[in-house]
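Trainee: Contents of coords-v3.txt (compact mmCIF, C-alpha atoms (C1' of nucleotides)):
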# COMPACT_ATOMS: atom_id res chain seq x y z
CA MET L 1 193.85 246.39 -66.53
CA ASN L 2 194.58 250.08 -66.88
CA LYS L 3 194.68 250.19 -70.60
CA ASN L 4 192.80 253.45 -70.61
CA PRO L 5 193.67 255.15 -67.34
CA LYS L 6 191.96 258.40 -68.25
CA ARG L 7 188.62 256.77 -68.82
CA LYS L 8 188.95 254.69 -65.69
CA MET L 9 189.77 257.72 -63.58
CA GLN L 10 186.83 259.52 -65.09
CA THR L 11 184.40 256.71 -64.38
CA ARG L 12 185.62 256.39 -60.83
CA SER L 13 185.35 260.11 -60.35
CA ASN L 14 181.83 260.17 -61.79
CA LEU L 15 180.71 257.44 -59.42
CA ILE L 16 182.21 259.25 -56.45
CA ASP L 17 180.62 262.54 -57.48
CA SER L 18 177.20 260.96 -57.85
CA PHE L 19 177.56 259.32 -54.46
CA TRP L 20 178.52 262.60 -52.87
CA LEU L 21 175.58 264.42 -54.41
CA LEU L 22 173.31 261.91 -52.69
CA TYR L 23 175.30 261.75 -49.47
CA LYS L 24 175.10 265.48 -48.91
CA LYS L 25 171.35 265.13 -48.66
CA ARG L 26 170.67 261.58 -47.51
CA HIS L 27 171.94 259.20 -44.90
CA ILE L 28 174.34 256.65 -46.33
CA ARG L 29 172.06 253.81 -45.25
CA ASP L 30 169.46 255.11 -47.71
CA ILE L 31 171.84 255.16 -50.65
CA SER L 32 171.89 252.03 -52.79
CA VAL L 33 174.33 251.07 -55.52
CA ARG L 34 171.33 251.41 -57.82
CA ASP L 35 170.85 255.06 -56.84
CA ILE L 36 174.46 255.89 -57.58
CA VAL L 37 174.68 254.24 -60.99
CA GLU L 38 171.28 255.59 -61.99
CA LEU L 39 172.52 259.10 -61.32
CA SER L 40 175.82 258.61 -63.11
CA GLY L 41 174.40 256.60 -65.98
CA TYR L 42 176.44 253.43 -65.56
CA ASN L 43 175.40 249.84 -65.22
CA ARG L 44 175.21 248.52 -61.70
CA SER L 45 177.93 245.98 -62.41
CA THR L 46 180.33 248.74 -63.34
CA PHE L 47 180.13 250.03 -59.80
CA TYR L 48 181.53 246.75 -58.53
CA GLU L 49 184.58 247.14 -60.79
CA TYR L 50 185.57 250.09 -58.66
CA PHE L 51 184.14 249.55 -55.18
CA THR L 52 183.05 246.55 -53.18
CA ASP L 53 180.01 248.44 -51.84
CA VAL L 54 178.73 251.91 -50.93
CA TYR L 55 180.65 251.96 -47.67
CA ASP L 56 183.87 251.13 -49.50
CA LEU L 57 183.32 254.17 -51.66
CA MET L 58 182.93 256.32 -48.56
CA ASP L 59 186.07 254.81 -47.05
CA GLN L 60 188.04 255.71 -50.14
CA ILE L 61 186.83 259.31 -49.89
CA GLU L 62 187.84 259.36 -46.24
CA LEU L 63 191.24 257.91 -47.00
CA HIS L 64 191.78 260.61 -49.60
CA ILE L 65 190.93 263.39 -47.15
CA ILE L 66 193.22 261.90 -44.51
CA GLU L 67 196.06 261.80 -47.04
CA LEU L 68 195.48 265.45 -47.92
CA LEU L 69 195.55 266.36 -44.26
CA LYS L 70 198.77 264.47 -43.64
CA ASP L 71 200.45 266.21 -46.58
CA GLU L 72 199.24 269.58 -45.35
CA MET L 73 200.57 268.92 -41.89
CA VAL L 74 203.98 267.80 -43.09
CA ARG L 75 204.27 270.89 -45.28
CA ASN L 76 203.22 273.18 -42.43
CA LEU L 77 205.70 271.75 -39.99
CA GLN L 78 208.51 272.40 -42.42
CA ASP L 79 207.95 276.02 -43.39
CA THR L 80 206.98 277.66 -40.14
CA GLU L 81 208.78 278.26 -36.90
CA ASP L 82 205.57 278.89 -34.95
CA PRO L 83 203.17 276.14 -35.91
CA ASP L 84 199.87 277.91 -35.43
CA ILE L 85 197.90 274.72 -35.45
CA ILE L 86 194.46 276.22 -35.02
CA ASN L 87 194.79 278.56 -37.97
CA ARG L 88 196.20 275.73 -40.07
CA MET L 89 193.30 273.51 -39.22
CA ASP L 90 190.82 276.23 -40.09
CA LEU L 91 192.51 276.73 -43.42
CA PHE L 92 192.38 273.06 -44.15
CA PHE L 93 188.77 273.00 -43.07
CA LYS L 94 187.91 275.77 -45.49
CA LYS L 95 189.52 273.95 -48.41
CA ASN L 96 187.97 270.57 -47.67
CA GLY L 97 185.19 271.88 -45.53
CA GLU L 98 182.30 270.31 -47.35
CA TYR L 99 183.69 266.81 -47.11
CA LEU L 100 184.79 267.29 -43.52
CA SER L 101 181.60 268.82 -42.24
CA VAL L 102 179.46 266.11 -43.80
CA LEU L 103 181.68 263.26 -42.62
CA LEU L 104 182.01 264.72 -39.12
CA GLY L 105 178.38 265.79 -38.91
CA GLU L 106 175.11 264.29 -37.83
CA LYS L 107 174.71 262.03 -40.84
CA GLY L 108 178.42 261.36 -41.10
CA ASP L 109 180.69 258.50 -40.09
CA PRO L 110 181.87 258.26 -36.49
CA ALA L 111 184.82 256.18 -37.66
CA PHE L 112 186.05 259.17 -39.67
CA ALA L 113 186.59 261.29 -36.57
CA VAL L 114 188.59 258.44 -35.08
CA LYS L 115 190.71 258.11 -38.22
CA LEU L 116 191.24 261.86 -38.37
CA LYS L 117 192.37 262.01 -34.76
CA ALA L 118 194.68 259.05 -35.27
CA ALA L 119 196.29 260.81 -38.23
CA ILE L 120 196.80 264.05 -36.36
CA LYS L 121 197.89 262.49 -33.08
CA PRO L 122 201.47 261.41 -33.80
CA VAL L 123 202.29 264.70 -35.51
CA LEU L 124 200.83 266.81 -32.75
CA MET L 125 202.35 264.73 -29.97
CA GLN L 126 205.73 265.18 -31.59
CA VAL L 127 205.37 268.90 -32.14
CA LEU L 128 204.23 269.49 -28.60
CA GLN L 129 206.71 266.95 -27.29
CA LEU L 130 204.13 265.41 -25.03
CA PRO L 131 204.98 262.25 -23.12
CA LYS L 132 203.39 259.57 -25.26
CA LEU L 133 202.54 257.04 -22.63
CA ASP L 134 201.21 259.48 -20.09
CA TYR L 135 197.49 258.96 -19.52
CA GLU L 136 196.95 262.63 -18.81
CA SER L 137 198.35 263.66 -22.18
CA GLN L 138 196.16 261.05 -23.89
CA LEU L 139 193.08 262.52 -22.28
CA LEU L 140 194.26 266.02 -23.00
CA PHE L 141 194.67 265.12 -26.63
CA GLU L 142 191.28 263.44 -26.88
CA PHE L 143 189.56 266.30 -25.13
CA SER L 144 191.20 269.08 -27.11
CA LEU L 145 190.90 267.52 -30.52
CA GLY L 146 187.37 266.35 -29.82
CA GLY L 147 186.50 269.89 -28.80
CA LEU L 148 188.20 271.43 -31.79
CA LEU L 149 186.43 269.15 -34.26
CA SER L 150 183.07 269.72 -32.56
CA ALA L 151 183.49 273.47 -32.68
CA LEU L 152 184.71 273.43 -36.29
CA THR L 153 181.82 271.25 -37.39
CA TYR L 154 179.35 273.50 -35.61
CA TRP L 155 180.85 276.63 -37.11
CA TYR L 156 180.90 275.23 -40.63
CA SER L 157 177.53 273.49 -40.55
CA ASP L 158 175.96 276.61 -39.13
CA GLY L 159 177.07 278.53 -42.22
CA MET L 160 180.22 280.15 -40.84
CA LYS L 161 178.31 283.12 -39.47
CA ILE L 162 181.42 284.70 -37.98
CA ASP L 163 184.62 285.13 -39.93
CA SER L 164 187.68 282.96 -39.63
CA ALA L 165 189.69 285.46 -37.58
CA GLU L 166 187.00 285.91 -34.98
CA TYR L 167 186.45 282.19 -34.83
CA SER L 168 190.13 281.52 -34.25
CA LYS L 169 190.23 284.15 -31.52
CA ILE L 170 187.41 282.48 -29.61
CA ILE L 171 188.90 279.01 -29.90
CA LYS L 172 192.33 280.22 -28.86
CA ASN L 173 190.77 281.88 -25.87
CA ILE L 174 189.15 278.61 -24.83
CA LEU L 175 192.37 276.66 -25.33
CA SER L 176 194.44 279.22 -23.48
CA ASN L 177 192.25 279.96 -20.49
CA GLY L 178 189.95 276.99 -20.10
CA SER L 179 186.20 276.79 -20.42
CA LEU L 180 185.38 277.38 -16.79
CA LYS L 181 187.29 280.63 -16.50
CA ILE L 182 185.52 281.99 -19.56
CA VAL L 183 182.15 280.93 -18.21
CA ARG L 184 182.91 282.72 -14.98
CA GLU L 185 183.82 285.84 -16.87
CA MET L 186 180.67 285.63 -18.94
CA MET L 187 178.48 285.29 -15.86
CA ARG L 188 179.69 288.61 -14.53
CA MET V 189 146.19 246.37 -28.43
CA ASN V 190 147.93 245.90 -25.09
CA LYS V 191 145.86 243.05 -23.84
CA ASN V 192 148.95 241.47 -22.41
CA PRO V 193 151.32 244.30 -21.60
CA LYS V 194 153.78 242.09 -19.77
CA ARG V 195 154.28 239.83 -22.72
CA LYS V 196 154.56 242.75 -25.09
CA MET V 197 157.15 244.43 -22.92
CA GLN V 198 159.04 241.17 -22.72
CA THR V 199 159.03 240.62 -26.47
CA ARG V 200 160.16 244.18 -27.11
CA SER V 201 162.87 243.82 -24.53
CA ASN V 202 164.03 240.52 -26.01
CA LEU V 203 164.31 242.05 -29.45
CA ILE V 204 166.25 245.01 -28.09
CA ASP V 205 168.58 242.75 -26.13
CA SER V 206 169.29 240.58 -29.15
CA PHE V 207 169.99 243.66 -31.22
CA TRP V 208 172.34 245.01 -28.60
CA LEU V 209 174.23 241.73 -28.37
CA LEU V 210 174.92 242.03 -32.09
CA TYR V 211 175.52 245.77 -32.05
CA LYS V 212 178.23 245.54 -29.43
CA LYS V 213 180.25 243.48 -31.85
CA ARG V 214 179.10 244.46 -35.35
CA HIS V 215 178.41 247.61 -37.24
CA ILE V 216 174.70 248.36 -37.49
CA ARG V 217 174.83 248.21 -41.27
CA ASP V 218 175.70 244.53 -40.98
CA ILE V 219 172.75 243.69 -38.76
CA SER V 220 169.61 242.53 -40.53
CA VAL V 221 166.13 242.05 -39.11
CA ARG V 222 166.71 238.38 -39.83
CA ASP V 223 169.76 238.30 -37.56
CA ILE V 224 167.85 239.83 -34.68
CA VAL V 225 164.80 237.59 -34.84
CA GLU V 226 166.94 234.52 -35.38
CA LEU V 227 168.79 235.28 -32.16
CA SER V 228 165.65 236.02 -30.18
CA GLY V 229 163.56 233.22 -31.70
CA TYR V 230 160.73 235.29 -33.15
CA ASN V 231 159.28 235.43 -36.59
CA ARG V 232 160.57 238.22 -38.76
CA SER V 233 157.13 239.78 -39.00
CA THR V 234 156.97 240.12 -35.24
CA PHE V 235 159.87 242.52 -35.40
CA TYR V 236 157.80 244.86 -37.53
CA GLU V 237 155.07 244.95 -34.87
CA TYR V 238 157.54 246.76 -32.65
CA PHE V 239 159.95 248.62 -34.91
CA THR V 240 159.84 249.93 -38.45
CA ASP V 241 163.43 248.81 -39.08
CA VAL V 242 166.77 248.20 -37.37
CA TYR V 243 167.56 251.91 -37.23
CA ASP V 244 164.24 252.61 -35.54
CA LEU V 245 165.20 250.14 -32.83
CA MET V 246 168.46 251.97 -32.30
CA ASP V 247 166.63 255.30 -32.19
CA GLN V 248 164.36 253.99 -29.46
CA ILE V 249 167.35 252.92 -27.41
CA GLU V 250 168.87 256.36 -27.89
CA LEU V 251 165.64 258.06 -26.89
CA HIS V 252 165.54 255.98 -23.74
CA ILE V 253 169.08 256.96 -22.77
CA ILE V 254 168.34 260.62 -23.43
CA GLU V 255 165.29 260.42 -21.17
CA LEU V 256 167.35 258.84 -18.40
CA LEU V 257 169.91 261.60 -18.74
CA LYS V 258 167.28 264.32 -18.60
CA ASP V 259 165.76 262.83 -15.45
CA GLU V 260 169.18 262.54 -13.88
CA MET V 261 169.96 266.15 -14.67
CA VAL V 262 166.68 267.46 -13.30
CA ARG V 263 167.19 265.51 -10.09
CA ASN V 264 170.75 266.77 -9.73
CA LEU V 265 169.83 270.37 -10.20
CA GLN V 266 167.31 270.12 -7.40
CA ASP V 267 169.27 268.53 -4.63
CA THR V 268 172.64 270.23 -4.83
CA GLU V 269 173.79 273.77 -4.37
CA ASP V 270 177.06 273.23 -6.25
CA PRO V 271 176.19 271.32 -9.41
CA ASP V 272 179.39 269.43 -9.97
CA ILE V 273 178.57 268.65 -13.56
CA ILE V 274 181.66 266.66 -14.41
CA ASN V 275 181.26 264.25 -11.52
CA ARG V 276 177.58 263.87 -12.32
CA MET V 277 178.33 263.07 -15.92
CA ASP V 278 180.90 260.48 -14.91
CA LEU V 279 178.40 258.88 -12.60
CA PHE V 280 175.83 258.76 -15.32
CA PHE V 281 178.41 257.37 -17.68
CA LYS V 282 179.25 254.58 -15.29
CA LYS V 283 175.60 253.58 -14.96
CA ASN V 284 174.82 253.67 -18.66
CA GLY V 285 178.37 253.45 -19.83
CA GLU V 286 178.04 250.49 -22.12
CA TYR V 287 175.26 252.03 -24.14
CA LEU V 288 176.92 255.43 -24.22
CA SER V 289 180.36 254.25 -25.16
CA VAL V 290 179.04 252.13 -28.01
CA LEU V 291 176.71 254.80 -29.34
CA LEU V 292 179.36 257.50 -29.07
CA GLY V 293 182.17 255.29 -30.32
CA GLU V 294 183.69 254.33 -33.62
CA LYS V 295 180.84 252.06 -34.69
CA GLY V 296 178.21 254.25 -33.10
CA ASP V 297 175.76 256.85 -34.33
CA PRO V 298 176.95 260.42 -34.91
CA ALA V 299 173.37 261.60 -34.55
CA PHE V 300 173.38 260.37 -30.97
CA ALA V 301 176.10 262.81 -29.93
CA VAL V 302 174.05 265.59 -31.49
CA LYS V 303 170.91 264.50 -29.63
CA LEU V 304 172.83 264.16 -26.38
CA LYS V 305 174.28 267.64 -26.70
CA ALA V 306 170.89 269.07 -27.58
CA ALA V 307 169.41 267.51 -24.44
CA ILE V 308 172.14 268.83 -22.18
CA LYS V 309 172.39 272.25 -23.77
CA PRO V 310 169.30 274.05 -22.42
CA VAL V 311 169.90 272.76 -18.88
CA LEU V 312 173.54 273.71 -18.87
CA MET V 313 172.96 277.08 -20.46
CA GLN V 314 170.42 277.84 -17.78
CA VAL V 315 172.58 276.67 -14.90
CA LEU V 316 175.55 278.64 -16.12
CA GLN V 317 173.34 281.55 -17.13
CA LEU V 318 175.12 281.93 -20.40
CA PRO V 319 173.78 284.37 -22.97
CA LYS V 320 171.86 282.12 -25.30
CA LEU V 321 172.25 283.99 -28.52
CA ASP V 322 175.91 284.81 -28.09
CA TYR V 323 178.00 283.03 -30.71
CA GLU V 324 180.94 282.73 -28.36
CA SER V 325 178.91 280.81 -25.80
CA GLN V 326 177.59 278.53 -28.53
CA LEU V 327 181.13 277.68 -29.58
CA LEU V 328 182.21 277.36 -25.98
CA PHE V 329 179.40 274.90 -25.39
CA GLU V 330 180.15 272.87 -28.50
CA PHE V 331 183.84 272.76 -27.75
CA SER V 332 183.52 271.84 -24.09
CA LEU V 333 180.84 269.22 -24.45
CA GLY V 334 182.49 267.78 -27.56
CA GLY V 335 185.72 267.54 -25.58
CA LEU V 336 184.03 266.02 -22.55
CA LEU V 337 182.28 263.35 -24.59
CA SER V 338 185.45 262.53 -26.51
CA ALA V 339 187.45 262.16 -23.31
CA LEU V 340 184.74 260.10 -21.62
CA THR V 341 184.42 257.80 -24.61
CA TYR V 342 188.17 257.34 -24.73
CA TRP V 343 188.40 256.65 -21.02
CA TYR V 344 185.57 254.15 -21.06
CA SER V 345 186.45 252.38 -24.31
CA ASP V 346 190.04 252.08 -23.17
CA GLY V 347 188.86 250.09 -20.16
CA MET V 348 188.84 252.87 -17.54
CA LYS V 349 192.49 252.35 -16.71
CA ILE V 350 192.53 255.16 -14.19
CA ASP V 351 189.91 255.54 -11.49
CA SER V 352 187.05 257.97 -11.56
CA ALA V 353 188.57 260.43 -9.10
CA GLU V 354 191.79 260.74 -11.02
CA TYR V 355 189.92 261.06 -14.27
CA SER V 356 187.76 263.86 -12.90
CA LYS V 357 190.82 265.66 -11.62
CA ILE V 358 192.45 265.67 -15.04
CA ILE V 359 189.33 266.84 -16.83
CA LYS V 360 188.70 269.57 -14.29
CA ASN V 361 192.26 270.70 -14.73
CA ILE V 362 191.75 270.99 -18.50
CA LEU V 363 188.49 272.84 -18.07
CA SER V 364 189.91 275.20 -15.46
CA ASN V 365 193.24 276.07 -16.99
CA GLY V 366 192.94 275.41 -20.70
CA SER V 367 194.75 272.88 -22.84
CA LEU V 368 197.58 275.14 -23.90
CA LYS V 369 198.66 276.05 -20.40
CA ILE V 370 198.79 272.40 -19.41
CA VAL V 371 200.79 271.55 -22.51
CA ARG V 372 203.25 274.29 -21.66
CA GLU V 373 203.60 272.92 -18.15
CA MET V 374 204.10 269.42 -19.46
CA MET V 375 206.84 270.54 -21.83
CA ARG V 376 208.90 271.83 -18.97
C1' DA Y 377 198.52 253.84 -93.27
C1' DA Y 378 195.30 250.24 -93.02
C1' DT Y 379 193.83 246.16 -91.04
C1' DT Y 380 193.88 242.73 -87.64
C1' DA Y 381 194.68 240.99 -82.92
C1' DT Y 382 194.33 241.98 -78.10
C1' DT Y 383 192.36 243.22 -73.96
C1' DA Y 384 190.45 246.84 -70.88
C1' DT Y 385 186.02 248.54 -69.87
C1' DG Y 386 181.30 248.34 -69.38
C1' DC Y 387 176.93 245.68 -69.58
C1' DA Y 388 172.74 242.07 -69.33
C1' DA Y 389 171.14 238.42 -66.89
C1' DC Y 390 171.18 235.18 -62.98
C1' DA Y 391 170.77 233.48 -58.25
C1' DC Y 392 170.23 234.82 -53.80
C1' DA Y 393 169.23 237.64 -49.67
C1' DA Y 394 166.68 241.29 -47.29
C1' DT Y 395 162.66 244.08 -46.90
C1' DG Y 396 157.92 245.29 -45.68
C1' DT Y 397 152.99 243.91 -45.82
C1' DC Y 398 149.28 241.01 -46.10
C1' DG Y 399 145.55 237.91 -43.95
C1' DG Y 400 145.13 234.25 -40.92
C1' DA Y 401 146.47 230.94 -36.90
C1' DT Y 402 147.11 230.65 -31.92
C1' DA Y 403 147.09 231.65 -27.27
C1' DT Y 404 145.72 234.52 -23.39
C1' DT Y 405 142.57 237.20 -20.85
C1' DT Y 406 137.95 238.28 -19.46
C1' DA S 407 133.17 230.42 -24.44
C1' DA S 408 134.04 234.83 -26.68
C1' DA S 409 137.05 238.30 -27.88
C1' DT S 410 141.19 240.02 -29.45
C1' DA S 411 146.13 240.76 -28.70
C1' DT S 412 150.11 238.64 -30.26
C1' DC S 413 152.64 236.21 -33.38
C1' DC S 414 153.42 233.82 -37.78
C1' DG S 415 153.62 232.07 -43.04
C1' DA S 416 153.61 233.52 -47.54
C1' DC S 417 153.85 237.14 -51.16
C1' DA S 418 155.71 240.85 -53.95
C1' DT S 419 159.32 243.98 -54.30
C1' DT S 420 163.87 245.69 -54.01
C1' DG S 421 168.85 245.27 -53.31
C1' DT S 422 173.19 242.54 -53.67
C1' DG S 423 177.17 240.40 -55.84
C1' DT S 424 178.86 237.43 -59.62
C1' DT S 425 179.43 235.47 -64.30
C1' DG S 426 180.15 235.41 -68.95
C1' DC S 427 179.75 238.29 -72.95
C1' DA S 428 179.70 242.57 -76.13
C1' DT S 429 182.06 246.68 -77.35
C1' DA S 430 185.48 249.99 -77.92
C1' DA S 431 190.14 251.46 -77.48
C1' DT S 432 194.96 250.39 -77.96
C1' DA S 433 198.82 247.65 -79.92
C1' DA S 434 200.77 244.75 -83.49
C1' DT S 435 201.40 243.33 -88.15
C1' DT S 436 201.70 243.89 -92.83
Before we go any further, please render this structure as structure tokens.

Mentor:
Amino acid sequence: MNKNPKRKMQTRSNLIDSFWLLYKKRHIRDISVRDIVELSGYNRSTFYEYFTDVYDLMDQIELHIIELLKDEMVRNLQDTEDPDIINRMDLFFKKNGEYLSVLLGEKGDPAFAVKLKAAIKPVLMQVLQLPKLDYESQLLFEFSLGGLLSALTYWYSDGMKIDSAEYSKIIKNILSNGSLKIVREMMR
Amino acid sequence: MNKNPKRKMQTRSNLIDSFWLLYKKRHIRDISVRDIVELSGYNRSTFYEYFTDVYDLMDQIELHIIELLKDEMVRNLQDTEDPDIINRMDLFFKKNGEYLSVLLGEKGDPAFAVKLKAAIKPVLMQVLQLPKLDYESQLLFEFSLGGLLSALTYWYSDGMKIDSAEYSKIIKNILSNGSLKIVREMMR
DNA sequence: AATTATTATGCAACACAATGTCGGATATTT
DNA sequence: AAATATCCGACATTGTGTTGCATAATAATT
């Protein structure tokens, strides 16, 4: 294999692109191998040269995004003394926002959020020097990251109606002061 | 139709139960109508008398849970002066925990979290008297509820290793003081 | 440089499984 | 005994995954 790597890369990329075009609109359960190869112009068998099934294709996209995120995180931790995690995450979200918002959204893959959290967890735990085995820090992590991803997905899916700076300010406020305090202030 | 409502209810219930037995272990994409009727002993056609497909069955389960939650919330808002929302949610989670943790979990349905939030949103917004159209309160809601559901799912899926009281204490602490403050305290 | 040998890449066709929809059999209620 | 709700068998269609083969691109040989 791999006699013509360029062509192979191209074919793979075409298949992925066609899938994504469909996935942006439809639920993955309504996307058949037929649909994908029809759109990209290949034979159905060709698909199976590259992926075992439609879900495998999605997994490979997810794996790619996770890799990008890991790289980004490693780079960020090196070149900054104050790791402004929220801003960094926003930035990453803007770059790969379409993929992320679809995969994290209503028609997305719940397993992706789990993978994403698992990738971020060790890095964040290390940066914040949280006690790993402590149940409170586990819950804190789950809560905070779950909240962050929910908010990001909402913001992005809703068309990013406020700008990045304002968004960051709000999220930082929540993280710094806690939801209840802010609610109390709002009620006044 | 409905000449024998008892039988019909029973059949429907049997089909749902068989589905759930499979769904607890497998991903929904790997569950065929065949699998369900084989387990419950019905003909495949019978399935289609009750549901349009496997996903419709899941939707009906989800709808049922959402209804239960709404009822619970309405009842709670009536009989208490201090609506301790977190405790109430835990209680509800314990009652319907298996369904919730599966549907919200890794092999679950991302649309369910969206539906759940949408059901809770109007009630909560009213109780807290938050300004509906304010973008900050939208984000606050998404963040907090996203965080709560993530933490609950983690706690439950992990086998509820700490008891309910302790769990509530931790979550309340996060909600009251904010994640960052707690992290700072932990680092000391 | 031209031609042949090699093999990576893509395809047509096959067997099988799953889907959804009939019309009809059966069993339960009235 | 009559009526009809409930369930089932059989059909056509669509989707899946695999096999062996054609084609086109590279490498080898002269």

Trainee: List as a PyMOL selection string the protein and nucleic acid residues near range 15-32 of chain L, meaning an atom at most 8 Å away when only C-alpha atoms (C1' of nucleotides) are counted, but skip any in the same chain fewer than 5 places from it.

Mentor: (chain L and resi 37+39-40+47+54-55+57+102+107-108) or (chain V and resi 217) or (chain S and resi 421)

Trainee: Just need the residues of chain S within 12 Å of chain L, counting all atoms listed in the file, so spit them out as a list in words.

Mentor: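 Listed by rising number, the hits are DT420, DG421, DT422, DG423, DT424, DT425, DA430, DA431, DT432 and DA433 of chain S.
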
Trainee: Sorted by chain and rising residue number, list the residues of chain Y at most 10 Å from chain V (counting all atoms listed in the file), each with its closest atom pair and distance in Å to one decimal, as a Markdown table.

Mentor:
| residue | atom | partner | partner_atom | distance |
| --- | --- | --- | --- | --- |
| Y:DA394 | C1' | V:Ser220 | CA | 7.5 |
| Y:DT395 | C1' | V:Val221 | CA | 8.8 |
| Y:DG396 | C1' | V:Tyr236 | CA | 8.2 |
| Y:DT397 | C1' | V:Ser233 | CA | 9.0 |
| Y:DT404 | C1' | V:Asn192 | CA | 7.7 |
| Y:DT405 | C1' | V:Lys191 | CA | 7.3 |

Trainee: For chain V, which residues have at least one atom within 8 Å of chain L, if we go by only C-alpha atoms? Write them as a ChimeraX atom specification, please.

Mentor: /V:217,292-299,302,316-318,324,327-328,330-339,342-343,358-359,362-369,371,374-375

Trainee: Taking all atoms of range 414-417 of chain S that appear in the file, build a box with edges along x, y and z, extend it by 6 Å on every side, and state its centre and edge lengths in Å to one decimal, as JSON.

Mentor:
{"center_x": 153.6, "center_y": 234.6, "center_z": -44.5, "size_x": 12.4, "size_y": 17.1, "size_z": 25.4}

Trainee: Just give me the gap between CA of Glu185 in chain L and CA of Ser356 in chain V in Å, one decimal is fine.

Mentor: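 Value for the CA of Glu185 in chain L-CA of Ser356 in chain V distance: 22.7 Å.
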
Trainee: As an exercise, work out the distance from CA of Arg7 in chain L to CA of Ile36 in chain L in Å and give it to one decimal place.

Mentor: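 According to the coordinates, CA of Arg7 in chain L and CA of Ile36 in chain L are separated by 18.1 Å.
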
Trainee: Give me the residues within 12 Å of DG400 in chain Y as a list in words, counting all atoms listed in the file and dropping any in the same chain fewer than 2 places off.

Mentor: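 Answer for this query is DC398 and DT402 of chain Y; DC413, DC414, DG415 and DA416 of chain S.
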
Trainee: With a distance cut-off of 12 Å and all atoms listed in the file, select the neighbouring residues of Leu256 in chain V, excluding the residue or stretch itself and same-chain residues fewer than 2 positions from it, and output the selection as an NGL selection string.

Mentor: :V and (249-254 or 258-263 or 280-281 or 283-284 or 287-288 or 304 or 307-308)

Trainee: Write the selection just made, keeping C-alpha atoms, as a short mmCIF file (atom, residue, chain, number, x, y, z; two decimals), keeping the file's coordinate frame?

Mentor:
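That gives us again_2.cif:
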data_model
loop_
_atom_site.label_atom_id
_atom_site.label_comp_id
_atom_site.auth_asym_id
_atom_site.auth_seq_id
_atom_site.Cartn_x
_atom_site.Cartn_y
_atom_site.Cartn_z
CA ILE V 249 167.35 252.92 -27.41
CA GLU V 250 168.87 256.36 -27.89
CA LEU V 251 165.64 258.06 -26.89
CA HIS V 252 165.54 255.98 -23.74
CA ILE V 253 169.08 256.96 -22.77
CA ILE V 254 168.34 260.62 -23.43
CA LYS V 258 167.28 264.32 -18.60
CA ASP V 259 165.76 262.83 -15.45
CA GLU V 260 169.18 262.54 -13.88
CA MET V 261 169.96 266.15 -14.67
CA VAL V 262 166.68 267.46 -13.30
CA ARG V 263 167.19 265.51 -10.09
CA PHE V 280 175.83 258.76 -15.32
CA PHE V 281 178.41 257.37 -17.68
CA LYS V 283 175.60 253.58 -14.96
CA ASN V 284 174.82 253.67 -18.66
CA TYR V 287 175.26 252.03 -24.14
CA LEU V 288 176.92 255.43 -24.22
CA LEU V 304 172.83 264.16 -26.38
CA ALA V 307 169.41 267.51 -24.44
CA ILE V 308 172.14 268.83 -22.18
#

Trainee: Just add N, CA, C and O atoms to range 87-94 of chain L and send it as a CSV table (one decimal), in the coordinates of the input.

Mentor:
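Written output follows (result04.csv):
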chain,number,residue,atom,x,y,z
L,87,ASN,N,195.0,277.9,-36.7
L,87,ASN,CA,194.8,278.6,-38.0
L,87,ASN,C,194.9,277.6,-39.1
L,87,ASN,O,194.2,277.6,-40.1
L,88,ARG,N,195.9,276.7,-39.0
L,88,ARG,CA,196.2,275.7,-40.1
L,88,ARG,C,195.0,274.8,-40.2
L,88,ARG,O,194.6,274.5,-41.4
L,89,MET,N,194.5,274.4,-39.1
L,89,MET,CA,193.3,273.5,-39.2
L,89,MET,C,192.1,274.2,-39.9
L,89,MET,O,191.4,273.6,-40.7
L,90,ASP,N,191.9,275.5,-39.5
L,90,ASP,CA,190.8,276.2,-40.1
L,90,ASP,C,191.0,276.3,-41.6
L,90,ASP,O,190.0,276.1,-42.4
L,91,LEU,N,192.2,276.6,-42.0
L,91,LEU,CA,192.5,276.7,-43.4
L,91,LEU,C,192.2,275.4,-44.2
L,91,LEU,O,191.5,275.4,-45.2
L,92,PHE,N,192.6,274.4,-43.6
L,92,PHE,CA,192.4,273.1,-44.2
L,92,PHE,C,190.9,272.8,-44.2
L,92,PHE,O,190.4,272.3,-45.2
L,93,PHE,N,190.2,273.2,-43.1
L,93,PHE,CA,188.8,273.0,-43.1
L,93,PHE,C,188.1,273.8,-44.2
L,93,PHE,O,187.1,273.3,-44.7
L,94,LYS,N,188.6,275.0,-44.5
L,94,LYS,CA,187.9,275.8,-45.5
L,94,LYS,C,188.1,275.1,-46.9
L,94,LYS,O,187.1,275.1,-47.6
